[in-house]
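So this block is input30.txt, compact mmCIF, C-alpha atoms:
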# COMPACT_ATOMS: atom_id res chain seq x y z
CA MET A 1 -24.08 -148.33 138.31
CA SER A 2 -22.35 -144.94 138.53
CA SER A 3 -22.75 -142.38 135.77
CA PRO A 4 -20.02 -141.97 133.10
CA ALA A 5 -17.30 -139.39 133.65
CA LEU A 6 -18.30 -137.72 130.36
CA GLU A 7 -21.24 -138.22 128.04
CA CYS A 8 -22.05 -136.19 124.93
CA ILE A 9 -25.54 -136.75 123.54
CA ASP A 10 -26.15 -135.67 119.91
CA VAL A 11 -23.89 -132.64 120.35
CA SER A 12 -23.72 -130.16 117.48
CA LYS A 13 -21.93 -126.83 117.35
CA THR A 14 -22.41 -124.20 114.67
CA TYR A 15 -20.41 -120.99 114.61
CA VAL A 16 -21.82 -117.99 112.74
CA ILE A 17 -19.11 -115.95 111.05
CA GLY A 18 -20.21 -112.66 109.58
CA LYS A 19 -23.68 -112.27 108.14
CA ASP A 20 -24.31 -115.40 106.13
CA ILE A 21 -21.47 -117.84 106.85
CA GLU A 22 -22.05 -120.80 109.18
CA VAL A 23 -19.37 -123.29 110.18
CA LYS A 24 -20.62 -126.64 111.51
CA ALA A 25 -17.77 -127.69 113.78
CA LEU A 26 -19.56 -130.65 115.42
CA LYS A 27 -22.36 -132.70 113.88
CA ASN A 28 -24.47 -134.89 116.17
CA VAL A 29 -21.52 -136.25 118.16
CA SER A 30 -22.36 -138.85 120.79
CA LEU A 31 -19.78 -140.50 123.02
CA LYS A 32 -19.55 -141.99 126.47
CA ILE A 33 -16.36 -142.13 128.52
CA GLN A 34 -16.50 -144.28 131.64
CA ARG A 35 -14.61 -143.69 134.87
CA GLY A 36 -11.08 -145.05 134.61
CA ASP A 37 -11.00 -144.83 130.80
CA PHE A 38 -7.82 -143.59 129.11
CA VAL A 39 -9.06 -142.17 125.81
CA SER A 40 -7.47 -140.25 122.96
CA ILE A 41 -9.39 -138.21 120.40
CA VAL A 42 -7.39 -137.92 117.19
CA GLY A 43 -7.94 -135.87 114.09
CA PRO A 44 -6.36 -133.30 111.76
CA SER A 45 -6.87 -129.54 112.09
CA GLY A 46 -10.48 -128.67 111.33
CA SER A 47 -11.79 -132.11 112.28
CA GLY A 48 -13.72 -130.77 115.29
CA LYS A 49 -11.52 -132.19 118.02
CA SER A 50 -10.72 -128.75 119.48
CA THR A 51 -14.42 -127.91 119.60
CA LEU A 52 -15.13 -131.23 121.29
CA LEU A 53 -12.34 -130.40 123.76
CA HIS A 54 -14.14 -127.14 124.58
CA MET A 55 -17.41 -129.00 125.12
CA ALA A 56 -15.78 -131.62 127.35
CA GLY A 57 -14.07 -128.84 129.32
CA THR A 58 -17.32 -126.84 129.63
CA LEU A 59 -15.50 -123.94 127.96
CA ASP A 60 -18.23 -123.69 125.29
CA ARG A 61 -21.86 -124.73 124.96
CA PRO A 62 -23.34 -126.88 122.21
CA THR A 63 -25.79 -125.38 119.75
CA TYR A 64 -27.82 -128.56 120.13
CA GLY A 65 -27.50 -131.62 122.33
CA ARG A 66 -26.39 -132.23 125.91
CA VAL A 67 -23.08 -132.65 127.73
CA MET A 68 -23.11 -134.65 130.96
CA VAL A 69 -20.13 -134.49 133.35
CA ASP A 70 -20.17 -136.85 136.32
CA GLY A 71 -23.94 -137.23 135.93
CA VAL A 72 -24.63 -133.46 135.78
CA ASP A 73 -26.12 -131.85 132.67
CA VAL A 74 -23.69 -128.93 132.37
CA THR A 75 -25.63 -127.39 129.46
CA LYS A 76 -28.22 -126.27 132.03
CA LEU A 77 -25.76 -124.48 134.33
CA SER A 78 -25.29 -120.71 134.48
CA GLU A 79 -21.89 -119.19 133.74
CA ASN A 80 -21.14 -118.77 137.46
CA GLU A 81 -22.23 -122.34 138.19
CA LEU A 82 -20.14 -123.61 135.28
CA SER A 83 -17.05 -121.79 136.53
CA ALA A 84 -17.35 -123.36 139.99
CA PHE A 85 -18.16 -126.77 138.50
CA ARG A 86 -15.19 -126.64 136.13
CA LYS A 87 -12.82 -125.69 138.95
CA ASN A 88 -13.76 -128.74 141.03
CA LYS A 89 -14.68 -131.37 138.43
CA ILE A 90 -12.26 -131.04 135.49
CA GLY A 91 -8.46 -131.09 135.52
CA PHE A 92 -6.83 -129.31 132.56
CA ILE A 93 -3.38 -129.98 131.09
CA PHE A 94 -2.17 -127.83 128.20
CA GLN A 95 0.60 -128.04 125.63
CA PHE A 96 2.30 -124.91 126.99
CA PHE A 97 1.83 -125.88 130.67
CA ASN A 98 0.05 -122.63 131.74
CA LEU A 99 1.82 -122.51 135.11
CA LEU A 100 1.85 -119.27 137.08
CA ARG A 101 5.38 -117.95 136.61
CA ASN A 102 5.67 -116.15 139.96
CA LEU A 103 4.67 -119.25 141.97
CA SER A 104 6.93 -122.19 142.83
CA ALA A 105 6.16 -125.70 141.61
CA ILE A 106 4.52 -126.70 144.90
CA GLU A 107 2.51 -123.45 145.04
CA ASN A 108 1.17 -124.10 141.52
CA VAL A 109 -0.08 -127.53 142.65
CA MET A 110 -1.54 -126.11 145.88
CA LEU A 111 -3.43 -123.27 144.21
CA PRO A 112 -6.53 -125.19 142.97
CA MET A 113 -6.94 -126.78 146.42
CA LEU A 114 -6.81 -123.41 148.19
CA LEU A 115 -9.23 -121.86 145.68
CA SER A 116 -11.68 -124.70 146.30
CA LYS A 117 -11.66 -123.78 150.04
CA ARG A 118 -11.84 -127.49 150.89
CA TYR A 119 -8.27 -127.70 152.15
CA THR A 120 -6.26 -125.90 154.78
CA VAL A 121 -2.84 -124.59 153.73
CA LYS A 122 -1.21 -127.47 155.63
CA GLU A 123 -3.43 -130.06 153.92
CA ALA A 124 -2.87 -128.51 150.48
CA ARG A 125 0.90 -128.44 150.93
CA LEU A 126 1.10 -132.06 152.09
CA LYS A 127 -1.17 -133.26 149.30
CA ALA A 128 0.86 -131.28 146.75
CA VAL A 129 4.04 -133.04 147.91
CA TYR A 130 2.40 -136.47 147.52
CA LEU A 131 0.95 -135.61 144.10
CA SER A 132 4.38 -134.43 142.94
CA LYS A 133 5.89 -137.75 144.05
CA LEU A 134 3.10 -139.62 142.28
CA VAL A 135 3.88 -138.01 138.91
CA GLY A 136 7.64 -138.38 139.38
CA PHE A 137 8.53 -134.74 139.98
CA PRO A 138 11.86 -134.35 141.86
CA GLU A 139 11.30 -133.24 145.46
CA ASP A 140 14.37 -131.00 145.46
CA ARG A 141 12.79 -128.83 142.72
CA LEU A 142 9.48 -128.13 144.50
CA LYS A 143 10.55 -124.60 145.48
CA ASN A 144 11.70 -123.73 141.95
CA THR A 145 9.64 -121.39 139.79
CA PRO A 146 8.70 -122.62 136.27
CA ASN A 147 11.55 -120.73 134.57
CA LYS A 148 13.99 -122.94 136.52
CA LEU A 149 12.35 -126.20 135.39
CA SER A 150 12.69 -128.24 132.20
CA GLY A 151 9.70 -128.65 129.89
CA GLY A 152 9.11 -132.20 131.13
CA GLN A 153 9.25 -131.06 134.76
CA GLN A 154 6.79 -128.24 134.07
CA GLN A 155 4.37 -130.70 132.49
CA LYS A 156 4.62 -132.97 135.55
CA VAL A 157 3.69 -130.00 137.73
CA ALA A 158 0.74 -129.36 135.43
CA ILE A 159 -0.38 -133.00 135.78
CA ALA A 160 -0.10 -132.85 139.58
CA ARG A 161 -2.09 -129.60 139.56
CA ALA A 162 -4.78 -131.19 137.40
CA LEU A 163 -5.18 -133.96 140.00
CA ALA A 164 -5.43 -131.55 142.93
CA ASN A 165 -9.22 -131.44 143.37
CA ASN A 166 -9.99 -135.08 142.49
CA PRO A 167 -11.56 -134.24 139.11
CA ALA A 168 -14.14 -136.38 137.32
CA TYR A 169 -11.59 -136.51 134.51
CA ILE A 170 -8.34 -134.98 133.29
CA LEU A 171 -8.47 -133.29 129.89
CA ALA A 172 -5.09 -132.99 128.17
CA ASP A 173 -4.65 -130.86 125.04
CA GLU A 174 -1.56 -131.98 123.06
CA PRO A 175 0.26 -132.70 126.35
CA THR A 176 3.55 -133.74 124.71
CA GLY A 177 3.45 -131.30 121.79
CA ASN A 178 6.03 -128.99 123.35
CA LEU A 179 8.38 -131.67 124.74
CA ASP A 180 11.40 -133.58 123.49
CA VAL A 181 11.24 -137.35 122.87
CA SER A 182 12.60 -138.34 126.29
CA SER A 183 10.28 -136.03 128.23
CA SER A 184 7.33 -137.12 126.10
CA ALA A 185 8.00 -140.76 126.97
CA GLU A 186 8.05 -139.88 130.69
CA ILE A 187 4.75 -138.02 130.46
CA ILE A 188 3.09 -140.86 128.54
CA ALA A 189 4.28 -143.37 131.16
CA THR A 190 2.90 -141.09 133.90
CA PHE A 191 -0.52 -140.96 132.22
CA LYS A 192 -0.51 -144.73 131.80
CA LEU A 193 0.25 -145.24 135.48
CA LEU A 194 -2.44 -142.78 136.58
CA SER A 195 -5.02 -144.52 134.39
CA SER A 196 -4.11 -147.87 135.96
CA PHE A 197 -5.01 -146.29 139.34
CA GLY A 198 -8.50 -145.48 138.10
CA ASN A 199 -8.04 -141.88 136.93
CA THR A 200 -10.08 -140.93 133.86
CA ILE A 201 -7.88 -139.26 131.24
CA ILE A 202 -8.91 -137.79 127.88
CA ILE A 203 -6.18 -136.69 125.47
CA VAL A 204 -6.88 -134.56 122.40
CA THR A 205 -4.07 -134.89 119.85
CA HIS A 206 -3.11 -135.24 116.22
CA ASN A 207 -0.25 -137.59 117.22
CA VAL A 208 -1.31 -141.18 116.46
CA GLU A 209 1.80 -142.65 118.12
CA LEU A 210 0.91 -140.94 121.40
CA ALA A 211 -2.69 -142.10 121.02
CA ARG A 212 -1.64 -145.74 120.63
CA VAL A 213 -0.65 -146.01 124.31
CA THR A 214 -4.17 -145.06 125.47
CA ASN A 215 -6.91 -147.65 126.02
CA ARG A 216 -9.27 -146.25 123.38
CA ILE A 217 -8.71 -144.15 120.26
CA LEU A 218 -11.56 -142.18 118.69
CA PHE A 219 -10.88 -140.73 115.22
CA MET A 220 -12.57 -137.48 114.18
CA LYS A 221 -13.16 -136.05 110.73
CA ASP A 222 -15.44 -133.31 109.45
CA GLY A 223 -17.17 -132.81 112.81
CA HIS A 224 -17.90 -136.52 113.37
CA ILE A 225 -16.38 -139.36 115.38
CA PHE A 226 -16.20 -141.77 112.46
CA GLU A 227 -14.19 -144.69 113.84
CA GLU A 228 -12.76 -146.30 116.98
CA ALA A 229 -9.41 -148.05 116.64
CA PRO A 230 -9.36 -151.84 117.22
CA ARG A 231 -7.57 -153.06 120.35
CA SER A 232 -4.89 -154.69 118.18
CA PHE A 233 -3.79 -151.18 117.14
CA LEU A 234 -3.03 -150.16 120.73
CA GLU A 235 0.44 -150.43 122.27
CA ARG A 236 1.37 -151.61 125.76
CA ILE A 237 4.02 -149.83 127.85
CA PRO A 238 6.05 -152.11 130.14
CA MET A 239 6.41 -150.69 133.65
CA GLU A 240 8.83 -151.62 136.43
CA GLU A 241 7.19 -153.58 139.23
CA GLU A 242 9.09 -151.73 141.97
CA SER A 243 8.04 -148.36 140.58
CA ILE A 244 4.39 -149.46 140.46
CA LYS A 245 4.55 -150.66 144.09
CA LEU A 246 6.01 -147.35 145.24
CA LYS A 247 3.42 -145.30 143.33
CA LYS A 248 0.61 -147.50 144.68
CA LYS A 249 1.75 -146.72 148.23
CA ILE A 250 1.79 -142.99 147.44
CA GLN A 251 -1.69 -143.21 145.92
CA LEU A 252 -3.03 -145.05 148.99
CA ASP A 253 -1.45 -142.41 151.25
CA LEU A 254 -3.20 -139.75 149.19
CA LEU A 255 -6.54 -141.51 149.61
CA ASN A 256 -6.01 -141.72 153.39
CA MET A 257 -5.32 -137.98 153.43
CA GLU A 258 -8.46 -137.41 151.39
CA ARG A 259 -10.52 -139.47 153.84
CA GLU A 260 -9.20 -137.40 156.76
CA ASN A 261 -10.04 -134.20 154.86
CA VAL A 262 -13.60 -135.39 154.19
CA GLU A 263 -14.06 -136.36 157.85
CA ARG A 264 -12.87 -132.91 158.96
CA LEU A 265 -15.21 -131.11 156.57
CA PHE A 266 -18.19 -133.22 157.66
CA LYS A 267 -17.51 -132.80 161.39
CA SER A 268 -17.10 -129.04 160.86
CA ARG A 269 -20.49 -129.01 159.07
CA LEU A 270 -18.81 -127.76 155.91
CA MET A 271 -19.99 -130.82 153.97
CA SER A 272 -23.50 -132.27 153.73
CA GLY A 273 -24.24 -135.85 154.71
CA GLU A 274 -25.04 -136.73 151.09
CA THR A 275 -21.75 -135.28 149.81
CA TYR A 276 -19.89 -136.99 152.66
CA ASP A 277 -21.33 -140.42 151.79
CA ARG A 278 -20.60 -139.91 148.09
CA ALA A 279 -17.01 -138.83 148.81
CA LEU A 280 -16.30 -141.82 151.05
CA LYS A 281 -17.80 -144.18 148.47
CA SER A 282 -15.52 -142.70 145.78
CA ILE A 283 -12.45 -143.12 148.02
CA ASP A 284 -13.38 -146.74 148.79
CA GLU A 285 -13.84 -147.51 145.07
CA LYS A 286 -10.44 -146.01 144.23
CA GLU A 287 -8.75 -147.99 147.01
CA LEU A 288 -10.27 -151.18 145.65
CA VAL A 289 -8.91 -150.49 142.15
CA ILE A 290 -5.39 -149.79 143.48
CA LYS A 291 -5.27 -152.87 145.72
CA GLN A 292 -6.32 -155.24 142.95
What is this file in structure tokens?
Amino acid sequence: MSSPALECIDVSKTYVIGKDIEVKALKNVSLKIQRGDFVSIVGPSGSGKSTLLHMAGTLDRPTYGRVMVDGVDVTKLSENELSAFRKNKIGFIFQFFNLLRNLSAIENVMLPMLLSKRYTVKEARLKAVYLSKLVGFPEDRLKNTPNKLSGGQQQKVAIARALANNPAYILADEPTGNLDVSSSAEIIATFKLLSSFGNTIIIVTHNVELARVTNRILFMKDGHIFEEAPRSFLERIPMEEESIKLKKKIQLDLLNMERENVERLFKSRLMSGETYDRALKSIDEKELVIKQ
């Protein structure tokens, strides 16, 4: 059995403020998020969800406990190792999009692939086009810079960018908090579709209505995960069959591109045999999920 996408084991985080003041932001938090899960972590300000977000994103280290990402204990990695790991293993989506303003939509999606040095410019551009189609971004806007895009379009670019390097999971921080109702509904439907294709998505939010469309809801309070919502509380989103068929084809095309990329890297001796076998196994598993 493969390792979980994310596992926190008795994670605690204490911040020292001034001389004698300690703030216990997380208190012995344990959770396990499997591959393909669509999970929301919900809680009010001060509940610890932002600190847990930082732990899941390897942006901070626990005071005690361990954080495992894709089977790797990230609490043991150096800062340089963490930076490289984060770039290739975790896809981030933020409330305010965080797109580079001087780059076009397609260039924003290409950037993580080029920084990883796994893709040629041609491969990165083609994959960026397919990822944009997958998340429903209009093809005629790919050359537009962020200031010429709506909020919903910018968030779709951010989602496509988060998928660029095949992350262990996507971590979304209040992903609809800066959008209108219509755009929010589109983004939620996009997440739901991606999760049905086997992508692991973790949303941190205070919005319970957004959380209800995920497959699991974890409630936080006072530094603890104190409850998981029953399945009866969750809400299903109906999706058009034709749209699903089209997106499945795009996803399968993406996986074929990924297989060709892996083959090229292996033949060029830029990828070890062990990494090659693991990458092909991951592609095969994703194909199986999509074809079901």
Report task. Report the distance between CA of Asn199 (chain A) and CA of Leu77 (chain A) in Å, rounded to one decimal place. Result -> 25.0 Å
Query raised in the report: Could you pull the residues within 7 Å of Phe94 (chain A), counting all atoms listed in the file, minus those fewer than 4 positions along the same chain, as a PyMOL selection string?
Result: chain A and resi 98+172-175
Report task. Go through A:Leu115, A:Leu31, A:Ala25, A:Val262 one by one, measure the shortest atom-to-atom distance of each to Pro62 (chain A) using only C-alpha atoms, and give the residue with the smallest value. Result ->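 Distance minimum relative to Pro62 (chain A) lands on A:Ala25.
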**Report entry** Two-atom distance - CA of Thr145 (chain A), CA of Asn102 (chain A) (Å)
**Finding:**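 Computing it gives 6.6 Å between the two atoms.
Taking only C-alpha atoms, the non-local environment of Lys143 (chain A) within 8 Å (same-chain residues fewer than 4 positions away omitted) comprises Ser104, Ala105 and Ile106 of chain A.
Note that CA of Tyr119 (chain A) and CA of Glu263 (chain A) are 11.9 Å apart.
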Report task. Extract, using all atoms listed in the file, all DNA, RNA and protein residues at most 10 Å from Leu52 (chain A), discarding same-chain residues fewer than 5 positions from it, and format them as a ChimeraX atom specification. Result -> /A:8,11-13,25-26,29,41,47,57-60,62,204,220,223-224
Report task. Using all atoms listed in the file, find the one residue out of A:Ile159, A:Asn88, A:Ile237, A:Glu227 that sits nearest to Asn215 (chain A). Result ->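 Between A:Ile159, A:Asn88, A:Ile237, A:Glu227, the residue approaching Asn215 (chain A) most closely is A:Ile237.
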Query raised in the report: Using only C-alpha atoms, which residue out of A:Ser78, A:Asn261, A:Ser83, A:Thr63 lies closest to Asp10 (chain A)?
Result: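 For Asp10 (chain A), the nearest of the given residues is A:Thr63.
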Report task. Would you mind telling me which residue in A:Leu255, A:Leu194, A:Val181, A:Val109 lies nearest to Ala279 (chain A) when using only C-alpha atoms? Result ->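 With only C-alpha atoms as the atom set, the closest residue is A:Leu255.
If all atoms listed in the file are the atoms counted, then among A:Gly48, A:Ser268, A:Pro4, A:Asn147 the closest residue to Asp222 (chain A) is A:Gly48.
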Query raised in the report: Which of these, A:Ile203, A:Val121, A:Ile21, A:Ala56, has the shortest distance to Ile93 (chain A) once you count all atoms listed in the file?
Result: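 Nearest to Ile93 (chain A): A:Ile203.
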